[in-house]
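Undergrad: Quick one, run18.pdb (PDB, C-alpha atoms, pLDDT in the B column):
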ATOM      1  CA  MET A   8      -6.357 -20.369 -22.921  1.00 92.00           C
ATOM      2  CA  ARG A   9      -4.214 -20.502 -19.782  1.00 95.00           C
ATOM      3  CA  THR A  10      -3.174 -16.855 -20.166  1.00 96.00           C
ATOM      4  CA  ALA A  11      -6.771 -15.719 -20.486  1.00 96.00           C
ATOM      5  CA  LEU A  12      -7.758 -17.665 -17.386  1.00 96.00           C
ATOM      6  CA  LEU A  13      -4.898 -16.165 -15.377  1.00 95.00           C
ATOM      7  CA  ALA A  14      -5.876 -12.679 -16.561  1.00 95.00           C
ATOM      8  CA  VAL A  15      -9.463 -13.235 -15.424  1.00 96.00           C
ATOM      9  CA  VAL A  16      -8.342 -14.556 -12.026  1.00 93.00           C
ATOM     10  CA  TYR A  17      -6.039 -11.565 -11.618  1.00 94.00           C
ATOM     11  CA  ALA A  18      -8.798  -9.108 -12.534  1.00 94.00           C
ATOM     12  CA  VAL A  19     -11.402 -10.772 -10.312  1.00 95.00           C
ATOM     13  CA  VAL A  20      -9.280 -11.659  -7.259  1.00 94.00           C
ATOM     14  CA  VAL A  21      -5.989  -9.780  -7.008  1.00 93.00           C
ATOM     15  CA  THR A  22      -7.081  -6.322  -8.132  1.00 92.00           C
ATOM     16  CA  PRO A  23     -10.084  -5.996  -5.764  1.00 93.00           C
ATOM     17  CA  VAL A  24      -8.043  -7.315  -2.824  1.00 91.00           C
ATOM     18  CA  GLY A  25      -5.374  -4.687  -3.493  1.00 88.00           C
ATOM     19  CA  LEU A  26      -7.894  -1.885  -3.797  1.00 89.00           C
ATOM     20  CA  VAL A  27      -9.730  -2.866  -0.614  1.00 91.00           C
ATOM     21  CA  SER A  28      -6.473  -3.166   1.338  1.00 87.00           C
ATOM     22  CA  ARG A  29      -5.512   0.359   0.283  1.00 83.00           C
ATOM     23  CA  LEU A  30      -8.873   1.681   1.455  1.00 86.00           C
ATOM     24  CA  VAL A  31      -8.610  -0.070   4.830  1.00 88.00           C
ATOM     25  CA  ARG A  32      -5.049   0.880   5.789  1.00 83.00           C
ATOM     26  CA  ASP A  33      -2.225   3.095   4.602  1.00 78.00           C
ATOM     27  CA  PRO A  34       0.906   0.901   4.423  1.00 74.00           C
ATOM     28  CA  LEU A  35       3.251   3.824   3.708  1.00 78.00           C
ATOM     29  CA  ALA A  36       1.696   6.224   6.274  1.00 74.00           C
ATOM     30  CA  ARG A  37       1.026   8.855   3.614  1.00 78.00           C
ATOM     31  CA  LYS A  38      -1.582  10.812   5.570  1.00 81.00           C
ATOM     32  CA  TRP A  39      -0.964  14.517   5.996  1.00 83.00           C
ATOM     33  CA  ASP A  40      -0.500  15.712   9.560  1.00 83.00           C
ATOM     34  CA  ARG A  41      -0.795  19.481   9.615  1.00 87.00           C
ATOM     35  CA  ASN A  42       0.439  19.648  13.220  1.00 90.00           C
ATOM     36  CA  ALA A  43       3.644  17.714  12.532  1.00 85.00           C
ATOM     37  CA  GLY A  44       6.817  19.776  12.483  1.00 87.00           C
ATOM     38  CA  THR A  45       8.552  17.162  10.355  1.00 87.00           C
ATOM     39  CA  TYR A  46       7.908  13.755   8.865  1.00 84.00           C
ATOM     40  CA  TRP A  47      11.422  12.492   9.581  1.00 87.00           C
ATOM     41  CA  VAL A  48      11.489   8.996  11.080  1.00 83.00           C
ATOM     42  CA  PRO A  49      14.788   8.302  12.838  1.00 86.00           C
ATOM     43  CA  SER A  50      16.448   5.052  11.846  1.00 89.00           C
ATOM     44  CA  SER A  51      17.585   2.428  14.306  1.00 87.00           C
ATOM     45  CA  PRO A  52      21.338   2.254  14.992  1.00 87.00           C
ATOM     46  CA  ALA A  53      23.379  -0.195  12.953  1.00 84.00           C
ATOM     47  CA  ARG A  54      24.718  -3.284  14.675  1.00 77.00           C
TER      48      ARG A  54
END
Written as structure tokens, how would this file's structure read?

TA:
Amino acid sequence: MRTALLAVVYAVVVTPVGLVSRLVRDPLARKWDRNAGTYWVPSSPAR
């Protein structure tokens, strides 16, 4: 019973929140920029 309840909560709460967050913002900055010469992001120097 507990497993079924957790599956329902996951399907009703977690999945829609994840889908909406992907529609609102792009956490990995995957948009194509046709004007960009490169997509390289320089790293910060090590301490």

Undergrad: How big is the axis-aligned box around all listed atoms of stretch 18-23 of chain A once 5 Å goes on each side, and where's its centre, in Å to one decimal, as AutoDock Vina command-line options?

TA:
--center_x -8.7 --center_y -8.8 --center_z -9.1 --size_x 15.4 --size_y 15.7 --size_z 16.8

Undergrad: So how many Å separate atom CA of A:Ser51 and atom CA of A:Arg32, to one decimal?

TA: 24.2 Å

Undergrad: Would you work out the distance separating atom CA of A:Leu35 from atom CA of A:Pro49, expressed in Å to one decimal?

TA: 15.4 Å

Undergrad: Hey, can you check how far atom CA of A:Ser28 sits from atom CA of A:Leu13?

TA: 21.2 Å
